[in-house]
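Scroll down for the structure; my scribbles are underneath it.
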Amino acid sequence: MRFHWFLPTSGDGHQVRPATTTVAASPTVSRPPTLGYLTQVARAAEAAGFDAALTPIGSGCLDPLVTCAALAGATERLRLLVAFRPGFTLPTVLAQQAQTFQELSGGRLLLNAVTGGDPVEQRAYGDFLGHDERYARTAEYLELLRRIWRGGPFDFQGTYYRIEGGGLETPLSDPPEIYFGGASPAAERVAARHADVYLMWGEPPAAIAERLERMRALAAEAGRTLRYGIRLHVIARETAEEAWAQANRLLAGMDPERIAAAQARFARMDSVGQRRMTALHGGSAERLEVSPNLWAGVGLVREGAGTALVGSYDEVAERIREYAALGLEEFILSGWPHLEEALRVGEFILPRLAAEPVAV
């Protein structure tokens, strides 16, 4: 198993915050995403034993590539999982940026392709493609990106991109692994053909098992094998009572106005993954434990990953083992505040998971 942390580039604090945008009724940022604070979080994640740190991408957070380039100089071992939007930057440009990042960081770049699920935000950036066409562009983008890394010169004529005499002058010897998520059929087809790691947001184990079975079949049809990962928040304490008290404290900070504003934004999205997250709670603060120790309260106000593992250290470790037994190998975790919780998870959860092998 590989464990990764999360960099709160839209701000941090003691309340659940949106990850990528600013919405009405959001709590005040008590810890702005300064370079100094993000450096503290990154160094804490590195000291806690995490392999990499994920950065989000969106209108309300810092640019991930610029941020991670700065953090690479402030860390020694931690890899940086940088989110990017295919279509917002030419693949020729990202290929060169990746080569530069690898050279300057000692090969610590990973890439997370985010196709985008909010049409309003996409149009604000100048992107007017529909849902399935965005994924078709992503497929062409990722195919072309890998081709550029192999060196040139070469010509390419596709639906969305055209290149003459392209390719890196020196082939990239250590191309970044590509992480990719998406729950729609269009997204799954792209993942099967172009991703190294397929990511899912935290759903009950039975739902994850169903998706894994489908993705393995699609990858096999493409003649490929993938690694699989999950994105979860963690609220863990010495006792289950303490952990649930913390979850309830976070819930108390989500007033009805804030929940309504977030749910209205989620409803306009065309993201199938977001619909699956919303379906877990239906916009209601009742019955939020949707599976043993899996709490959907985060998704009342936060887009994307909307569930948290809640319980004692032993309980949370056991739930992670259950997901690993399904075939998940990569776990991207987070918690509020991200500085303290990185150290907590590193001290009390990761050693429990390293103590014994998981039977898959």
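By order of appearance in the structure tokens: chains A, B, ..., then residues from 1 within every chain, and ligands from 1 in the order shown.
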*Using only C-alpha atoms, which residues sit within 9 Å of segment 314-329 of chain A once same-chain residues fewer than 4 positions away are excluded, as number ranges by chain?*
A: 1-3, 205, 208-209, 212, 227-230, 234-236, 238-240, 292-294, 309-310, 348-350, 352-353, 358-360
*Can you check which residues of segment 248-336 of chain A DSSP gives as strand (DSSP E or B) on the backbone and send them as an MDAnalysis selection string?*
chainID A and resid 289:291 294:295 308:312 330:334
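Among the candidates A:Asn248, A:Thr138, A:Gln99, A:Thr307, the one nearest to His194 of chain A when counting only C-alpha atoms is A:Thr138.
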_List as an MDAnalysis selection string the protein and nucleic acid residues near Gln122 of chain A, meaning an atom at most 12 Å away when only C-alpha atoms are counted, but skip any in the same chain fewer than 2 places from it._
chainID A and resid 57:59 85:88 114:120 124:131 134 269:270
Please save C-alpha atoms of the selected residues as a PDB file, in the first residue's frame.
```
ATOM      1  CA  ILE A  57      -7.079  22.313  -9.160  1.00  0.00           C
ATOM      2  CA  GLY A  58      -9.839  24.884  -9.507  1.00  0.00           C
ATOM      3  CA  SER A  59     -10.753  28.542  -9.428  1.00  0.00           C
ATOM      4  CA  ARG A  85      -6.839  20.038 -16.567  1.00  0.00           C
ATOM      5  CA  PRO A  86      -6.343  18.533 -20.050  1.00  0.00           C
ATOM      6  CA  GLY A  87      -7.274  21.212 -22.530  1.00  0.00           C
ATOM      7  CA  PHE A  88      -6.247  24.165 -20.377  1.00  0.00           C
ATOM      8  CA  VAL A 114      -8.762  16.153 -13.901  1.00  0.00           C
ATOM      9  CA  THR A 115     -11.160  16.450 -16.826  1.00  0.00           C
ATOM     10  CA  GLY A 116     -13.555  18.724 -14.907  1.00  0.00           C
ATOM     11  CA  GLY A 117     -17.154  18.266 -13.823  1.00  0.00           C
ATOM     12  CA  ASP A 118     -18.579  21.776 -13.346  1.00  0.00           C
ATOM     13  CA  PRO A 119     -19.692  23.301 -16.684  1.00  0.00           C
ATOM     14  CA  VAL A 120     -19.956  26.772 -15.152  1.00  0.00           C
ATOM     15  CA  ALA A 124     -15.219  30.571 -16.874  1.00  0.00           C
ATOM     16  CA  TYR A 125     -11.843  29.193 -17.941  1.00  0.00           C
ATOM     17  CA  GLY A 126     -12.884  29.352 -21.609  1.00  0.00           C
ATOM     18  CA  ASP A 127     -13.770  25.683 -22.111  1.00  0.00           C
ATOM     19  CA  PHE A 128     -17.181  25.052 -23.682  1.00  0.00           C
ATOM     20  CA  LEU A 129     -16.987  21.330 -24.498  1.00  0.00           C
ATOM     21  CA  GLY A 130     -19.684  18.980 -23.232  1.00  0.00           C
ATOM     22  CA  HIS A 131     -19.086  16.148 -20.767  1.00  0.00           C
ATOM     23  CA  ARG A 134     -14.120  16.681 -22.625  1.00  0.00           C
ATOM     24  CA  MET A 269     -22.452  19.757 -12.210  1.00  0.00           C
ATOM     25  CA  ASP A 270     -22.376  17.062 -14.869  1.00  0.00           C
TER      26      ASP A 270
END
```
*Out of A:Ala219, A:Ala52, A:Leu250, A:Leu172, which residue has the shortest atom-to-atom distance to Gln15 of chain A when counting only C-alpha atoms?*
A:Leu250
*Name all residues at most 8 Å from Gly304 of chain A (count only C-alpha atoms; drop same-chain ones fewer than 6 positions away) and give them as a ChimeraX atom specification.*
/A:19,201,273-274,277
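Nearest residue to Val272 of chain A among A:Gly181, A:Gly297, A:Gly223, A:Pro64 is A:Gly181, counting only C-alpha atoms.
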_Residue contacts of Arg237 of chain A (6 Å, only C-alpha atoms) excluding same-chain residues fewer than 2 positions away, as a PyMOL selection string_ = chain A and resi 239+242-243+312-313
*Residues of segment 46-227 of chain A in alpha helix (DSSP H) according to DSSP, as a PyMOL selection string?*
chain A and resi 46-48+64-72+91-105+119-124+131-149+185-194+205-221
*Write out as a count of residues only which residues come within 12 Å of Glu221 of chain A when counting only C-alpha atoms, dropping same-chain ones fewer than 4 positions away.*
8
_Using only C-alpha atoms: which of A:Glu76, A:Glu121, A:Glu203, A:Asp196 has the shortest distance to Gly306 of chain A_ = A:Glu203
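From atom CA of Ala53 of chain A back to atom CA of Leu343 of chain A, the distance works out to 13.5 Å.
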*Shell of 10 Å around Ser173 of chain A, only C-alpha atoms, local chain residues under 3 positions omitted, as number ranges by chain*: A: 99, 102, 107, 149-150, 170, 176
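From atom CA of Gly166 of chain A back to atom CA of Phe154 of chain A, the distance works out to 5.2 Å.
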